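Asks: Contents of data-v5.txt (compact mmCIF, C-alpha atoms) are below:
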# COMPACT_ATOMS: atom_id res chain seq x y z
CA MET A 1278 -71.92 -11.79 -160.57
CA MET A 1279 -75.10 -13.52 -161.73
CA HIS A 1280 -76.32 -15.98 -159.13
CA LYS A 1281 -79.82 -16.74 -160.42
CA ASN A 1282 -81.00 -18.56 -157.30
CA ILE A 1283 -84.44 -18.65 -155.73
CA THR A 1284 -84.75 -18.85 -151.94
CA LEU A 1285 -88.02 -20.09 -150.45
CA ILE A 1286 -89.08 -18.79 -147.04
CA GLY A 1287 -92.21 -19.46 -145.03
CA MET A 1288 -93.68 -21.31 -142.09
CA PRO A 1289 -92.93 -24.97 -141.39
CA GLY A 1290 -95.41 -26.97 -143.46
CA ALA A 1291 -95.81 -24.23 -146.08
CA GLY A 1292 -94.29 -26.58 -148.67
CA LYS A 1293 -90.83 -25.10 -149.16
CA SER A 1294 -89.07 -28.44 -149.67
CA THR A 1295 -91.89 -30.04 -151.67
CA VAL A 1296 -92.44 -27.06 -153.96
CA GLY A 1297 -88.69 -26.50 -154.15
CA VAL A 1298 -88.02 -29.92 -155.65
CA VAL A 1299 -90.77 -29.51 -158.27
CA LEU A 1300 -89.55 -25.99 -159.05
CA ALA A 1301 -85.99 -27.25 -159.54
CA LYS A 1302 -87.27 -29.84 -162.02
CA ILE A 1303 -89.36 -27.30 -163.95
CA LEU A 1304 -86.52 -24.76 -164.17
CA GLY A 1305 -83.65 -27.24 -164.56
CA MET A 1306 -81.98 -26.03 -161.37
CA GLU A 1307 -80.32 -27.66 -158.36
CA PHE A 1308 -82.28 -28.09 -155.13
CA VAL A 1309 -80.79 -27.44 -151.70
CA ASP A 1310 -82.57 -27.70 -148.36
CA SER A 1311 -80.77 -25.64 -145.70
CA ASP A 1312 -82.18 -27.86 -142.92
CA LEU A 1313 -80.33 -30.78 -144.52
CA LEU A 1314 -77.15 -28.69 -144.74
CA ILE A 1315 -77.48 -28.00 -141.00
CA GLN A 1316 -77.99 -31.70 -140.21
CA LYS A 1317 -75.02 -32.65 -142.37
CA ARG A 1318 -72.73 -30.09 -140.74
CA GLU A 1319 -73.77 -30.97 -137.18
CA LYS A 1320 -74.19 -34.70 -137.89
CA LYS A 1321 -77.48 -34.56 -135.93
CA LEU A 1322 -81.19 -34.19 -136.61
CA LEU A 1323 -82.75 -30.74 -136.14
CA TRP A 1324 -84.63 -31.66 -132.98
CA GLN A 1325 -81.45 -33.10 -131.47
CA ILE A 1326 -79.60 -29.84 -132.14
CA ILE A 1327 -82.45 -27.87 -130.54
CA GLU A 1328 -82.49 -30.25 -127.57
CA GLU A 1329 -78.73 -30.06 -127.04
CA GLN A 1330 -78.00 -26.42 -127.85
CA GLY A 1331 -81.35 -24.77 -127.15
CA LEU A 1332 -83.12 -22.46 -129.60
CA ASP A 1333 -80.39 -19.82 -129.48
CA GLY A 1334 -77.74 -22.40 -130.26
CA PHE A 1335 -79.81 -23.78 -133.11
CA ASN A 1336 -80.47 -20.28 -134.51
CA ARG A 1337 -76.73 -19.57 -134.41
CA VAL A 1338 -75.93 -22.75 -136.36
CA GLU A 1339 -78.72 -21.96 -138.83
CA GLU A 1340 -77.37 -18.45 -139.34
CA GLU A 1341 -73.83 -19.72 -139.97
CA VAL A 1342 -75.04 -22.31 -142.48
CA ASN A 1343 -77.33 -19.88 -144.32
CA CYS A 1344 -74.61 -17.21 -144.47
CA SER A 1345 -72.19 -19.71 -145.98
CA ILE A 1346 -74.50 -20.76 -148.85
CA ASP A 1347 -72.69 -19.92 -152.07
CA LEU A 1348 -74.50 -21.43 -155.01
CA GLU A 1349 -75.63 -20.71 -158.52
CA ASN A 1350 -78.68 -21.85 -160.44
CA SER A 1351 -80.24 -23.33 -157.29
CA ILE A 1352 -83.52 -23.41 -155.43
CA ILE A 1353 -82.80 -22.96 -151.73
CA ALA A 1354 -85.45 -24.10 -149.25
CA THR A 1355 -84.78 -22.55 -145.85
CA GLY A 1356 -85.99 -23.55 -142.41
CA GLY A 1357 -88.98 -21.56 -141.15
CA SER A 1358 -86.78 -19.80 -138.61
CA ALA A 1359 -84.20 -18.53 -141.15
CA VAL A 1360 -85.84 -15.08 -141.05
CA TYR A 1361 -84.72 -14.54 -137.44
CA SER A 1362 -81.25 -13.81 -138.76
CA GLU A 1363 -80.98 -10.47 -140.51
CA LYS A 1364 -77.41 -11.32 -141.52
CA ALA A 1365 -78.46 -14.57 -143.20
CA MET A 1366 -81.44 -12.97 -144.93
CA GLU A 1367 -79.32 -10.09 -146.28
CA HIS A 1368 -76.93 -12.71 -147.69
CA LEU A 1369 -79.75 -14.76 -149.25
CA LYS A 1370 -81.29 -11.61 -150.76
CA GLU A 1371 -77.91 -10.80 -152.29
CA ILE A 1372 -77.55 -14.16 -154.01
CA SER A 1373 -81.20 -14.91 -154.86
CA THR A 1374 -84.79 -13.86 -155.33
CA VAL A 1375 -86.54 -14.49 -152.02
CA VAL A 1376 -90.02 -15.98 -152.34
CA TYR A 1377 -92.42 -16.13 -149.38
CA LEU A 1378 -94.74 -19.14 -149.54
CA LYS A 1379 -97.82 -17.88 -147.78
CA VAL A 1380 -100.21 -20.35 -146.14
CA SER A 1381 -102.94 -19.66 -143.55
CA CYS A 1382 -102.49 -20.74 -139.95
CA GLU A 1383 -105.51 -23.08 -140.24
CA GLU A 1384 -103.97 -24.87 -143.21
CA LEU A 1385 -100.60 -25.18 -141.44
CA LYS A 1386 -102.29 -26.78 -138.43
CA LYS A 1387 -103.78 -29.44 -140.69
CA ARG A 1388 -100.43 -30.15 -142.35
CA LEU A 1389 -98.09 -30.07 -139.39
CA GLY A 1390 -99.28 -32.39 -136.67
CA ASP A 1391 -96.66 -32.67 -133.93
CA LEU A 1392 -94.31 -29.68 -134.03
CA LYS A 1393 -91.62 -31.19 -131.80
CA ASN A 1394 -91.03 -34.17 -134.08
CA ARG A 1395 -90.65 -31.83 -137.04
CA GLY A 1396 -87.81 -29.95 -135.37
CA VAL A 1397 -89.80 -26.72 -135.41
CA SER A 1398 -87.96 -24.08 -133.44
CA ILE A 1399 -90.71 -22.96 -131.09
CA LYS A 1400 -90.37 -21.52 -127.59
CA GLU A 1401 -91.79 -23.31 -124.58
CA GLY A 1402 -95.50 -22.50 -124.27
CA GLN A 1403 -95.70 -20.91 -127.72
CA THR A 1404 -98.59 -21.98 -129.97
CA LEU A 1405 -98.49 -22.29 -133.74
CA GLU A 1406 -100.61 -19.10 -133.88
CA ASP A 1407 -98.04 -17.24 -131.76
CA LEU A 1408 -95.25 -18.41 -134.02
CA PHE A 1409 -97.25 -17.47 -137.12
CA GLU A 1410 -97.86 -13.92 -135.84
CA GLU A 1411 -94.23 -13.53 -134.75
CA ARG A 1412 -92.77 -14.63 -138.08
CA ARG A 1413 -95.26 -13.26 -140.61
CA PRO A 1414 -93.91 -9.67 -140.53
CA LEU A 1415 -90.39 -11.04 -141.05
CA TYR A 1416 -91.42 -13.15 -144.05
CA GLU A 1417 -93.16 -10.11 -145.53
CA LYS A 1418 -90.14 -7.89 -144.83
CA TYR A 1419 -87.61 -10.11 -146.61
CA ALA A 1420 -89.76 -11.37 -149.51
CA ASP A 1421 -89.07 -10.10 -153.00
CA VAL A 1422 -92.12 -12.05 -154.15
CA THR A 1423 -95.06 -13.53 -152.22
CA VAL A 1424 -96.97 -16.54 -153.54
CA ASP A 1425 -100.19 -17.56 -151.82
CA LEU A 1426 -100.30 -21.34 -151.65
CA GLU A 1427 -103.82 -21.57 -150.29
CA ALA A 1428 -105.89 -23.81 -152.57
CA VAL A 1429 -103.28 -24.36 -155.30
CA SER A 1430 -101.56 -27.60 -156.19
CA ILE A 1431 -97.81 -28.05 -155.74
CA ARG A 1432 -97.37 -27.86 -159.50
CA GLU A 1433 -99.43 -24.67 -159.82
CA ALA A 1434 -97.48 -23.13 -156.96
CA ALA A 1435 -94.18 -24.01 -158.64
CA GLY A 1436 -95.45 -22.50 -161.90
CA GLN A 1437 -96.44 -19.27 -160.16
CA ILE A 1438 -93.06 -18.99 -158.42
CA ALA A 1439 -91.20 -19.70 -161.65
CA ALA A 1440 -93.15 -16.95 -163.42
CA ALA A 1441 -92.77 -14.46 -160.57
CA ALA A 1442 -89.07 -15.09 -160.02
CA GLN A 1443 -88.21 -14.75 -163.71
CA THR A 1444 -89.88 -11.35 -163.98
CA LYS A 1445 -87.97 -10.03 -160.96
Is it possible to give me this structure as structure tokens?

Replies:
Amino acid sequence: MMHKNITLIGMPGAGKSTVGVVLAKILGMEFVDSDLLIQKREKKLLWQIIEEQGLDGFNRVEEEVNCSIDLENSIIATGGSAVYSEKAMEHLKEISTVVYLKVSCEELKKRLGDLKNRGVSIKEGQTLEDLFEERRPLYEKYADVTVDLEAVSIREAAGQIAAAAQTK
């Protein structure tokens, strides 16, 4: 079964949704944002889900949604915390090429601003650096391809991903 999807993973603020849309246009593919699928299913915003169900509850919902993704010819932008679920990542690796959008912690700080308003799943007292160090090995573990987004435009990044994903 040929799925021909590309899944984007990486930290919040790495550009998964932004690059994903441009990539979908370049490659003539659909674009799906798993955060939006979560919000649609729960009929709530991400931060509301986190507030009501806690991080574990949110991670469970995210895992269920990511495991149920069954698409073809699509760019899938995942939430930054998708990599906490081995089950979901195995599924996404089965149906797509997984691309890690790598951005430095300094750059993320500039882009992100207030983490709470973004619905970033971060533990009480955890800093962005802590989160970065906790997740980086997971992004590296699940990535089929890594694209460094430091100092490249959205369009260049999309071009690099398109090239990398097609050779995989």

Asks: Neighbouring residues of A:Glu1383 were defined as those with any atom within 12 Å, considering all atoms listed in the file; residues of the same chain fewer than 3 positions away were excluded. Please report them as a list in words.

Replies: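 Here the qualifying residues turn out to be Gly1290, Ala1291, Lys1379, Val1380, Lys1386, Lys1387, Arg1388, Leu1389, Gly1390, Leu1405, Glu1406, Phe1409 and Glu1427 of chain A.
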
Asks: Please identify every residue of stretch 1322-1434 of chain A that has at least one atom no farther than 10 Å from an atom of stretch 1282-1288 of chain A, counting only C-alpha atoms, and for each give the shortest atom pair and the distance in Å to one decimal, arranged by chain then increasing number, as CSV.

Replies:
residue,atom,partner,partner_atom,distance
A:Asp1347,CA,A:Asn1282,CA,9.9
A:Leu1348,CA,A:Asn1282,CA,7.5
A:Glu1349,CA,A:Asn1282,CA,5.9
A:Asn1350,CA,A:Asn1282,CA,5.1
A:Ser1351,CA,A:Asn1282,CA,4.8
A:Ile1352,CA,A:Ile1283,CA,4.9
A:Ile1353,CA,A:Thr1284,CA,4.6
A:Ala1354,CA,A:Leu1285,CA,4.9
A:Thr1355,CA,A:Ile1286,CA,5.8
A:Gly1356,CA,A:Ile1286,CA,7.3
A:Gly1357,CA,A:Met1288,CA,4.8
A:Ser1358,CA,A:Met1288,CA,7.9
A:Ala1359,CA,A:Ile1286,CA,7.7
A:Val1360,CA,A:Ile1286,CA,7.8
A:Met1366,CA,A:Thr1284,CA,9.7
A:Leu1369,CA,A:Thr1284,CA,7.0
A:Lys1370,CA,A:Thr1284,CA,8.1
A:Glu1371,CA,A:Asn1282,CA,9.7
A:Ile1372,CA,A:Asn1282,CA,6.5
A:Ser1373,CA,A:Asn1282,CA,4.4
A:Thr1374,CA,A:Ile1283,CA,4.8
A:Val1375,CA,A:Thr1284,CA,4.7
A:Val1376,CA,A:Leu1285,CA,4.9
A:Tyr1377,CA,A:Ile1286,CA,4.9
A:Leu1378,CA,A:Gly1287,CA,5.2
A:Lys1379,CA,A:Gly1287,CA,6.4
A:Val1380,CA,A:Met1288,CA,7.7
A:Ser1381,CA,A:Met1288,CA,9.5
A:Cys1382,CA,A:Met1288,CA,9.1
A:Leu1385,CA,A:Met1288,CA,8.0
A:Val1397,CA,A:Met1288,CA,9.4
A:Leu1405,CA,A:Met1288,CA,9.7
A:Leu1408,CA,A:Met1288,CA,8.7
A:Phe1409,CA,A:Met1288,CA,7.2
A:Arg1412,CA,A:Met1288,CA,7.8
A:Arg1413,CA,A:Gly1287,CA,8.2
A:Leu1415,CA,A:Gly1287,CA,9.5
A:Tyr1416,CA,A:Gly1287,CA,6.4
A:Glu1417,CA,A:Gly1287,CA,9.4
A:Tyr1419,CA,A:Ile1286,CA,8.8
A:Ala1420,CA,A:Ile1286,CA,7.8
A:Asp1421,CA,A:Thr1284,CA,9.8
A:Val1422,CA,A:Leu1285,CA,9.8
A:Thr1423,CA,A:Ile1286,CA,9.5

Asks: So which residues touch A:Gly1436 within 9 Å, counting all atoms listed in the file, skipping near sequence neighbours fewer than 4 positions away, as a ChimeraX atom specification?

Replies: /A:1300,1303,1431-1432,1440-1441

Asks: One decimal, in Å: what's the spacing between atom CA of A:Leu1304 and atom CA of A:Ile1346?

Replies: 19.9 Å

Asks: Between atom CA of A:Lys1321 and atom CA of A:Ser1345, what distance in Å does the model show, to one decimal?

Replies: 18.7 Å

Asks: One decimal, in Å: what's the spacing between atom CA of A:Ala1365 and atom CA of A:Glu1433?

Replies: 28.6 Å

Asks: Pick the closest to A:Glu1384 from A:Asp1333, A:Asp1312, A:Glu1307, A:Asp1425: which is it, counting only C-alpha atoms?

Replies: A:Asp1425

Asks: Which residue gives the smallest distance to A:Trp1324 among A:Gly1292, A:Val1299, A:Glu1363, A:Ser1398, with all atoms listed in the file counted?

Replies: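 Going through A:Gly1292, A:Val1299, A:Glu1363, A:Ser1398 one by one, the smallest distance to A:Trp1324 is for A:Ser1398.
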
Asks: Looking at all atoms listed in the file, which of A:Glu1339, A:Ile1327, A:Lys1281, A:Gly1402 is the one that sits closest to A:Met1306?

Replies: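 Of all the options, A:Lys1281 lies closest to A:Met1306.
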
Asks: Could you pull the residues within 7 Å of A:Glu1340, counting all atoms listed in the file, minus those fewer than 4 positions along the same chain, as a PDB file with C-alpha atoms, in the frame of the given file?

Replies:
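Result went into part_19.pdb, see below:
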ATOM      1  CA  ASN A1336     -80.470 -20.280-134.510  1.00  0.00           C
ATOM      2  CA  CYS A1344     -74.610 -17.210-144.470  1.00  0.00           C
ATOM      3  CA  SER A1362     -81.250 -13.810-138.760  1.00  0.00           C
ATOM      4  CA  ALA A1365     -78.460 -14.570-143.200  1.00  0.00           C
TER       5      ALA A1365
END

Asks: Distance cut-off 10 Å, centre (-79.5, -28.2, -130.9) in file coordinates, counting all atoms listed in the file: which residues qualify? Return them as a ChimeraX atom specification.

Replies: /A:1319,1321-1338,1396,1398

Asks: Generate the output file for the selected residues, C-alpha atoms, as a CSV table (one decimal), in the frame of the given file.

Replies:
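The result, stored in out_1.csv:
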chain,number,residue,atom,x,y,z
A,1319,GLU,CA,-73.8,-31.0,-137.2
A,1321,LYS,CA,-77.5,-34.6,-135.9
A,1322,LEU,CA,-81.2,-34.2,-136.6
A,1323,LEU,CA,-82.8,-30.7,-136.1
A,1324,TRP,CA,-84.6,-31.7,-133.0
A,1325,GLN,CA,-81.4,-33.1,-131.5
A,1326,ILE,CA,-79.6,-29.8,-132.1
A,1327,ILE,CA,-82.4,-27.9,-130.5
A,1328,GLU,CA,-82.5,-30.2,-127.6
A,1329,GLU,CA,-78.7,-30.1,-127.0
A,1330,GLN,CA,-78.0,-26.4,-127.8
A,1331,GLY,CA,-81.4,-24.8,-127.2
A,1332,LEU,CA,-83.1,-22.5,-129.6
A,1333,ASP,CA,-80.4,-19.8,-129.5
A,1334,GLY,CA,-77.7,-22.4,-130.3
A,1335,PHE,CA,-79.8,-23.8,-133.1
A,1336,ASN,CA,-80.5,-20.3,-134.5
A,1337,ARG,CA,-76.7,-19.6,-134.4
A,1338,VAL,CA,-75.9,-22.8,-136.4
A,1396,GLY,CA,-87.8,-30.0,-135.4
A,1398,SER,CA,-88.0,-24.1,-133.4

Asks: Quick one: of A:Val1342, A:Ala1439, A:Lys1320, A:Tyr1361, who's nearest to A:Glu1411, counting all atoms listed in the file?

Replies: A:Tyr1361
